[in-house]
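Okay, model34.cif now, which holds mmCIF, C-alpha atoms:
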```cif
data_work
loop_
_atom_site.label_atom_id
_atom_site.label_comp_id
_atom_site.auth_asym_id
_atom_site.auth_seq_id
_atom_site.Cartn_x
_atom_site.Cartn_y
_atom_site.Cartn_z
CA MET W 1 196.96 79.23 126.49
CA LEU W 2 197.29 81.55 123.52
CA LEU W 3 194.24 82.41 121.46
CA LYS W 4 193.46 79.76 118.86
CA SER W 5 193.10 82.45 116.19
CA LEU W 6 196.82 83.18 116.48
CA PHE W 7 199.73 81.10 115.37
CA LEU W 8 203.39 81.32 116.22
CA ILE W 9 205.28 82.62 113.23
CA SER W 10 208.79 81.47 112.45
CA LEU W 11 211.26 84.32 112.33
CA SER W 12 214.17 84.82 109.97
CA ILE W 13 216.74 87.50 110.69
CA THR W 14 217.45 89.60 107.59
CA CYS W 15 219.36 92.49 109.13
CA SER W 16 220.72 93.73 112.42
CA LEU W 17 218.25 95.32 114.80
CA ALA W 18 220.97 97.10 116.75
CA GLY W 19 219.78 100.58 117.62
CA LEU W 20 216.39 100.30 115.88
CA CYS W 21 214.34 99.81 119.03
CA GLN W 22 216.23 102.57 120.79
CA ASP W 23 215.64 104.99 117.89
CA VAL W 24 212.01 104.13 117.18
CA PHE W 25 210.78 103.89 120.73
CA LYS W 26 212.57 106.89 122.25
CA ASN W 27 209.36 107.94 123.99
CA PRO W 28 208.79 105.54 126.94
CA SER W 29 205.01 106.03 126.59
CA GLU W 30 205.03 104.86 122.96
CA ASP W 31 203.01 101.64 122.87
CA ARG W 32 202.20 101.29 119.18
CA PRO W 33 204.03 98.79 116.98
CA PHE W 34 206.53 99.92 114.37
CA PHE W 35 205.76 98.68 110.84
CA LYS W 36 208.39 97.97 108.21
CA VAL W 37 206.58 97.34 104.94
CA LEU W 38 208.62 95.32 102.48
CA GLU W 39 207.14 96.69 99.27
CA SER W 40 204.73 94.04 97.86
CA ASN W 41 206.59 91.37 99.83
CA GLY W 42 205.16 91.48 103.34
CA VAL W 43 205.68 93.27 106.64
CA GLU W 44 207.98 93.32 109.64
CA ILE W 45 206.48 94.39 112.97
CA TYR W 46 208.43 95.53 116.01
CA PHE W 47 207.18 96.16 119.55
CA PRO W 48 209.31 97.09 122.59
CA LYS W 49 209.55 94.67 125.50
CA ARG W 50 209.46 97.09 128.41
CA ASP W 51 207.98 94.71 130.97
CA PRO W 52 210.49 91.91 131.70
CA LYS W 53 207.56 89.63 132.56
CA GLN W 54 205.89 90.03 129.14
CA ASP W 55 206.43 86.75 127.31
CA MET W 56 204.25 87.22 124.19
CA PHE W 57 203.29 89.93 121.74
CA GLY W 58 200.56 89.43 119.15
CA ILE W 59 198.65 91.49 116.62
CA LYS W 60 195.42 91.20 114.63
CA ILE W 61 195.43 93.33 111.48
CA TYR W 62 192.40 94.23 109.34
CA LYS W 63 193.39 95.92 106.07
CA ASN W 64 190.99 98.53 104.64
CA GLN W 65 188.08 97.24 106.73
CA ASP W 66 185.45 98.92 108.87
CA LEU W 67 185.75 97.42 112.35
CA ARG W 68 182.08 98.21 113.02
CA LYS W 69 180.95 95.63 110.46
CA LYS W 70 180.15 92.05 111.40
CA ASP W 71 181.76 90.33 108.40
CA LEU W 72 185.35 91.11 109.43
CA HIS W 73 188.18 88.84 108.40
CA CYS W 74 191.63 89.00 109.91
CA ASP W 75 194.23 89.73 107.22
CA LEU W 76 197.09 88.90 109.57
CA CYS W 77 196.72 87.29 113.01
CA VAL W 78 200.11 86.37 114.46
CA ASN W 79 202.03 86.27 117.73
CA THR W 80 205.59 85.71 118.81
CA THR W 81 207.71 85.12 121.89
CA HIS W 82 210.90 86.05 120.03
CA VAL W 83 212.75 89.09 121.42
CA GLU W 84 215.83 90.67 119.87
CA ASN W 85 217.60 93.83 120.98
CA GLY W 86 214.71 94.77 123.23
CA CYS W 87 211.92 94.26 120.68
CA PHE W 88 209.44 91.55 119.86
CA LYS W 89 209.80 90.96 116.13
CA ILE W 90 207.33 89.46 113.65
CA LYS W 91 207.99 88.98 109.94
CA SER W 92 205.27 87.78 107.57
CA THR W 93 204.74 87.49 103.84
CA LEU W 94 200.99 86.92 104.32
CA LEU W 95 200.14 90.64 104.31
CA THR W 96 201.11 93.11 101.59
CA VAL W 97 200.66 96.87 101.92
CA GLU W 98 200.35 99.41 99.11
CA PRO W 99 199.91 103.22 99.00
CA ARG W 100 196.64 104.42 100.58
CA ASP W 101 196.09 101.21 102.54
CA VAL W 102 194.90 101.54 106.13
CA LEU W 103 195.84 98.88 108.68
CA LYS W 104 193.44 98.75 111.62
CA TYR W 105 194.74 96.54 114.38
CA VAL W 106 194.64 95.43 117.99
CA THR W 107 197.67 94.17 119.88
CA LEU W 108 197.78 91.33 122.38
CA SER W 109 200.17 90.54 125.19
CA SER W 110 200.59 88.01 127.96
CA ILE W 111 202.50 88.19 131.23
CA SER W 112 204.42 85.23 132.58
CA GLY W 113 202.43 83.43 135.27
CA LYS W 114 199.10 85.02 134.32
CA PRO W 115 196.54 83.07 132.23
CA ASP W 116 194.78 86.11 130.73
CA ILE W 117 195.72 87.81 127.47
CA THR W 118 195.53 91.62 127.39
CA VAL W 119 193.95 93.13 124.26
CA SER W 120 194.63 96.78 123.40
CA PRO W 121 192.04 99.25 122.01
CA ALA W 122 191.86 99.37 118.20
CA ASN W 123 194.39 101.61 116.45
CA LYS W 124 195.43 102.22 112.85
CA ALA W 125 198.39 102.95 110.60
CA GLU W 126 197.48 105.00 107.51
CA PHE W 127 199.75 104.44 104.55
CA THR W 128 198.20 107.39 102.72
CA ASP W 129 201.15 109.24 104.25
CA TYR W 130 203.44 106.37 103.68
CA VAL W 131 207.17 106.86 103.72
CA ILE W 132 209.72 105.01 101.65
CA PRO W 133 213.41 105.49 100.94
CA ALA W 134 214.26 106.21 97.33
CA SER W 135 216.13 102.92 96.87
CA CYS W 136 212.73 101.17 96.92
CA VAL W 137 211.12 103.30 94.21
CA CYS W 138 211.44 101.58 90.83
CA THR W 139 209.34 104.11 88.89
CA ASN W 140 209.12 107.88 89.01
CA PRO W 141 206.45 108.62 90.17
CA PRO W 142 205.73 105.30 91.92
CA ALA W 143 203.66 103.05 89.65
CA GLY W 144 199.92 103.71 89.85
CA TYR W 145 200.11 106.36 92.56
CA CYS W 146 199.30 109.35 90.35
CA ASP W 147 196.11 107.67 89.15
CA LYS W 148 194.62 107.89 92.65
CA ALA W 149 193.73 111.59 92.88
CA SER W 150 190.92 112.65 95.19
CA THR W 151 188.70 115.73 94.93
CA LYS W 152 188.37 115.92 98.73
CA ILE W 153 190.65 118.52 100.29
CA THR W 154 191.09 116.28 103.33
CA ASP W 155 192.80 113.75 101.06
CA TYR W 156 195.35 116.26 99.75
CA ARG W 157 198.27 114.45 101.34
CA PRO W 158 201.50 113.79 99.47
CA LEU W 159 203.42 110.55 99.24
CA PHE W 160 206.83 111.32 100.76
CA VAL W 161 209.82 109.44 99.39
CA PHE W 162 212.62 110.07 101.89
CA GLN W 163 216.10 109.77 100.48
CA GLU W 164 217.75 108.57 103.66
CA SER W 165 219.38 111.66 105.21
CA SER W 166 219.76 113.45 101.87
CA GLY W 167 216.33 114.99 101.21
CA PHE W 168 212.95 113.83 99.94
CA VAL W 169 210.52 113.88 97.02
CA ALA W 170 206.81 114.59 97.57
CA TYR W 171 204.17 113.32 95.11
CA LEU W 172 200.56 114.57 95.07
CA PRO W 173 198.13 113.22 92.43
CA ARG W 174 196.58 116.03 90.38
CA ALA W 175 192.79 116.12 90.66
CA PRO W 176 190.79 117.54 87.70
CA SER W 177 189.50 120.30 90.00
CA THR W 178 193.01 121.41 91.06
CA ALA W 179 194.88 124.14 89.18
CA ALA W 180 197.97 124.65 91.37
CA VAL W 181 199.48 123.19 94.53
CA GLY W 182 202.03 124.42 97.07
CA LEU W 183 203.55 122.86 100.17
CA GLN W 184 204.59 124.28 103.55
CA ALA W 185 206.43 122.13 106.07
CA LEU W 186 208.10 122.12 109.47
CA LYS W 187 210.54 119.50 110.72
CA ASN W 188 209.90 118.16 114.23
CA ALA W 189 207.66 121.14 115.07
CA ASN W 190 203.98 122.09 115.00
CA PHE W 191 202.28 124.92 113.14
CA ARG W 192 201.33 127.59 115.66
CA PRO W 193 197.67 128.62 115.30
CA GLY W 194 196.60 132.23 114.91
CA VAL W 195 198.47 135.32 113.79
CA ALA W 196 201.74 136.37 115.44
CA ALA W 197 201.30 139.18 117.94
CA ALA W 198 202.89 142.57 117.41
CA GLY W 199 206.63 142.48 118.01
CA GLN W 200 206.82 138.69 117.54
CA GLN W 201 208.50 137.11 114.56
CA LYS W 202 206.43 135.09 112.13
CA GLN W 203 206.98 131.35 112.43
CA LYS W 204 209.84 130.36 110.15
CA LEU W 205 209.02 127.44 107.89
CA ASP W 206 211.57 124.78 106.99
CA LEU W 207 209.92 124.53 103.57
CA ASP W 208 207.67 127.03 101.79
CA ALA W 209 207.04 126.09 98.16
CA GLU W 210 204.36 128.31 96.61
CA SER W 211 204.11 126.25 93.42
CA ILE W 212 204.95 122.63 92.66
CA ASN W 213 205.62 121.42 89.13
CA GLU W 214 203.36 118.82 87.54
CA ARG W 215 204.65 115.69 85.80
CA ASN W 216 202.96 112.46 84.73
CA GLY W 217 199.74 113.22 86.58
CA CYS W 218 201.39 114.24 89.86
CA PHE W 219 202.55 117.48 91.45
CA ILE W 220 206.16 116.69 92.34
CA LEU W 221 208.49 118.51 94.72
CA GLU W 222 212.13 117.51 95.17
CA SER W 223 214.02 118.92 98.15
CA THR W 224 217.54 118.46 99.48
CA THR W 225 217.17 121.15 102.15
CA LEU W 226 215.18 119.02 104.61
CA ARG W 227 216.93 115.88 105.80
CA PHE W 228 215.41 113.22 108.01
CA GLU W 229 216.38 110.26 110.12
CA LEU W 230 214.38 107.53 111.83
CA GLY W 231 212.30 109.09 114.61
CA ASP W 232 211.82 112.49 112.90
CA HIS W 233 208.50 113.84 111.67
CA ILE W 234 207.34 116.44 109.17
CA ASN W 235 204.31 118.66 109.81
CA PHE W 236 202.88 119.97 106.53
CA VAL W 237 200.11 122.02 104.94
CA VAL W 238 199.03 121.71 101.29
CA THR W 239 198.14 125.04 99.66
CA GLY W 240 197.11 126.14 96.16
CA LYS W 241 193.97 126.88 94.19
CA LYS W 242 191.24 125.07 92.31
CA THR W 243 190.31 125.57 88.68
CA GLY W 244 187.44 127.83 89.75
CA GLY W 245 189.83 130.11 91.62
CA GLU W 246 189.03 128.93 95.16
CA LYS W 247 192.02 128.76 97.47
CA ILE W 248 193.28 125.47 98.87
CA ARG W 249 194.72 125.19 102.37
CA THR W 250 194.48 121.94 104.27
CA ASP W 251 194.75 121.53 108.00
CA PRO W 252 198.26 120.64 109.22
CA ARG W 253 199.07 116.95 108.99
CA LYS W 254 202.02 114.95 110.30
CA VAL W 255 204.09 112.16 108.84
CA TYR W 256 206.18 110.23 111.37
CA LEU W 257 209.14 108.24 110.17
CA LYS W 258 208.74 106.04 113.24
CA ASP W 259 205.20 105.15 112.17
CA TYR W 260 205.39 104.79 108.41
CA PHE W 261 208.73 103.60 107.09
CA ILE W 262 209.60 101.19 104.31
CA PRO W 263 213.23 100.09 104.45
CA SER W 264 215.59 99.58 101.56
CA ALA W 265 215.34 95.79 101.88
CA CYS W 266 213.38 95.70 98.61
CA SER W 267 214.91 95.60 95.16
CA CYS W 268 213.91 96.65 91.69
CA PRO W 269 213.91 94.60 88.48
CA GLU W 270 217.18 94.62 86.59
CA ASN W 271 217.60 97.11 83.75
CA GLN W 272 214.96 99.43 85.25
CA SER W 273 215.68 102.64 83.33
CA ASN W 274 213.96 104.99 85.76
CA PHE W 275 215.29 103.43 88.96
CA VAL W 276 215.59 106.15 91.60
CA LYS W 277 218.77 105.79 93.65
CA PRO W 278 219.40 107.50 96.99
CA GLN W 279 221.85 110.36 96.91
CA LYS W 280 225.13 109.86 98.71
CA SER W 281 225.92 112.38 101.40
CA THR W 282 227.82 112.74 104.65
CA ARG W 283 225.94 113.35 107.84
CA ASN W 284 226.23 116.75 109.43
#
```

What does the file become when written as structure tokens?
Amino acid sequence: MLLKSLFLISLSITCSLAGLCQDVFKNPSEDRPFFKVLESNGVEIYFPKRDPKQDMFGIKIYKNQDLRKKDLHCDLCVNTTHVENGCFKIKSTLLTVEPRDVLKYVTLSSISGKPDITVSPANKAEFTDYVIPASCVCTNPPAGYCDKASTKITDYRPLFVFQESSGFVAYLPRAPSTAAVGLQALKNANFRPGVAAAGQQKQKLDLDAESINERNGCFILESTTLRFELGDHINFVVTGKKTGGEKIRTDPRKVYLKDYFIPSACSCPENQSNFVKPQKSTRN
């Protein structure tokens, strides 16, 4: 019997899943769900069915909560037996996700013929690094994002708006203590620690912007040189200096398109003057 705290959610198919599970779950060891956040309208959750005997996938999500506290409340507790194109799929309008939200969750599964339900260790999806295609951005910068600056260097992480195989825009709220910001990035590669040895070439960066322009409370960088598809990741370092002259250089951080992706299933109000449309381009 399934846990009483879960309920079976009815599923409505809004788009074809063909190829999505194959692209997102290329790594056979990948066992974390894939979140599609429908901006302010809910979430879609995908999980690969790799064991033919698995007959249920469930998830308990706690938004912006400390799992060590006793007064937890489940923001979304759902399960499904529905499988399509190799993935369990859940769609719910009961949970909305905004920039800088953190979803802590555990997943549940059951195997046909076995009465026990397996519960995974707790994991999290951080939407501080959250990724959206430009067709979902109705304001430039996204409404309210540039008001959320942090003075902690560990929070110097941009919001990446990926323009679906034609580049991206990065937004970083300007803190009062920050004078200038730069951005270094590598596509599908890691920063190599240390200094290159004699005779070796210095690691070539895919993006090395020493200074990013400021607009409407955000440092904003637009790039058409780096193009991404589902399954890619960007490894980046934020650089710059503070108003007192101290240098800024964060540790390398990664943004995975397979982890944090908001599809263009959302729409903007009509007559939105600053609607950002994706650029049209042909794939290389």

Running the PyMOL selection byres ((chain W and resi 106-109) around 8) on this model by hand, what would come out? Give it as a PDB file with C-alpha atoms, in the frame of the given file.
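Output contents, as saved in out26.pdb:
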```
ATOM      1  CA  GLN W  54     205.890  90.030 129.140  1.00  0.00           C
ATOM      2  CA  ASP W  55     206.430  86.750 127.310  1.00  0.00           C
ATOM      3  CA  MET W  56     204.250  87.220 124.190  1.00  0.00           C
ATOM      4  CA  PHE W  57     203.290  89.930 121.740  1.00  0.00           C
ATOM      5  CA  GLY W  58     200.560  89.430 119.150  1.00  0.00           C
ATOM      6  CA  ILE W  59     198.650  91.490 116.620  1.00  0.00           C
ATOM      7  CA  LYS W  60     195.420  91.200 114.630  1.00  0.00           C
ATOM      8  CA  ILE W  61     195.430  93.330 111.480  1.00  0.00           C
ATOM      9  CA  LYS W 104     193.440  98.750 111.620  1.00  0.00           C
ATOM     10  CA  TYR W 105     194.740  96.540 114.380  1.00  0.00           C
ATOM     11  CA  SER W 110     200.590  88.010 127.960  1.00  0.00           C
ATOM     12  CA  ILE W 111     202.500  88.190 131.230  1.00  0.00           C
ATOM     13  CA  ILE W 117     195.720  87.810 127.470  1.00  0.00           C
ATOM     14  CA  THR W 118     195.530  91.620 127.390  1.00  0.00           C
ATOM     15  CA  VAL W 119     193.950  93.130 124.260  1.00  0.00           C
ATOM     16  CA  SER W 120     194.630  96.780 123.400  1.00  0.00           C
ATOM     17  CA  PRO W 121     192.040  99.250 122.010  1.00  0.00           C
ATOM     18  CA  ALA W 122     191.860  99.370 118.200  1.00  0.00           C
ATOM     19  CA  ASN W 123     194.390 101.610 116.450  1.00  0.00           C
TER      20      ASN W 123
END
```

Residues within 12 Å of W:Asn188, please, as a ChimeraX atom specification. Count only C-alpha atoms; anything in the same chain fewer than 6 positions from it doesn't count. /W:205-206,226-236,254-257

Output of the PyMOL selection byres ((chain W and resi 146) around 7), listed as a PyMOL selection string: chain W and resi 144-145+147-149+173+217-218

Where does the PyMOL selection byres ((chain W and resi 49-53) around 8) land in this file, that is, which residues does it pick, as a PyMOL selection string? chain W and resi 47-48+54-55+83+86-88+111-112

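One distance worth recording is that between atom CA of W:Asp101 and atom CA of W:Glu126, which is 6.4 Å.
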
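Minimum atom-to-atom distance to W:Glu214, evaluated using only C-alpha atoms, belongs to W:Arg174 out of W:Arg68, W:Arg174, W:Lys152, W:Lys91.
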
Report, as AutoDock Vina command-line options, the centre and edge lengths in Å (one decimal) of the axis-aligned box enclosing every listed atom of stretch 247-254 of chain W, padded by 6 Å on each side.
```
--center_x 197.0 --center_y 121.9 --center_z 103.9 --size_x 22.0 --size_y 25.8 --size_z 24.8
```
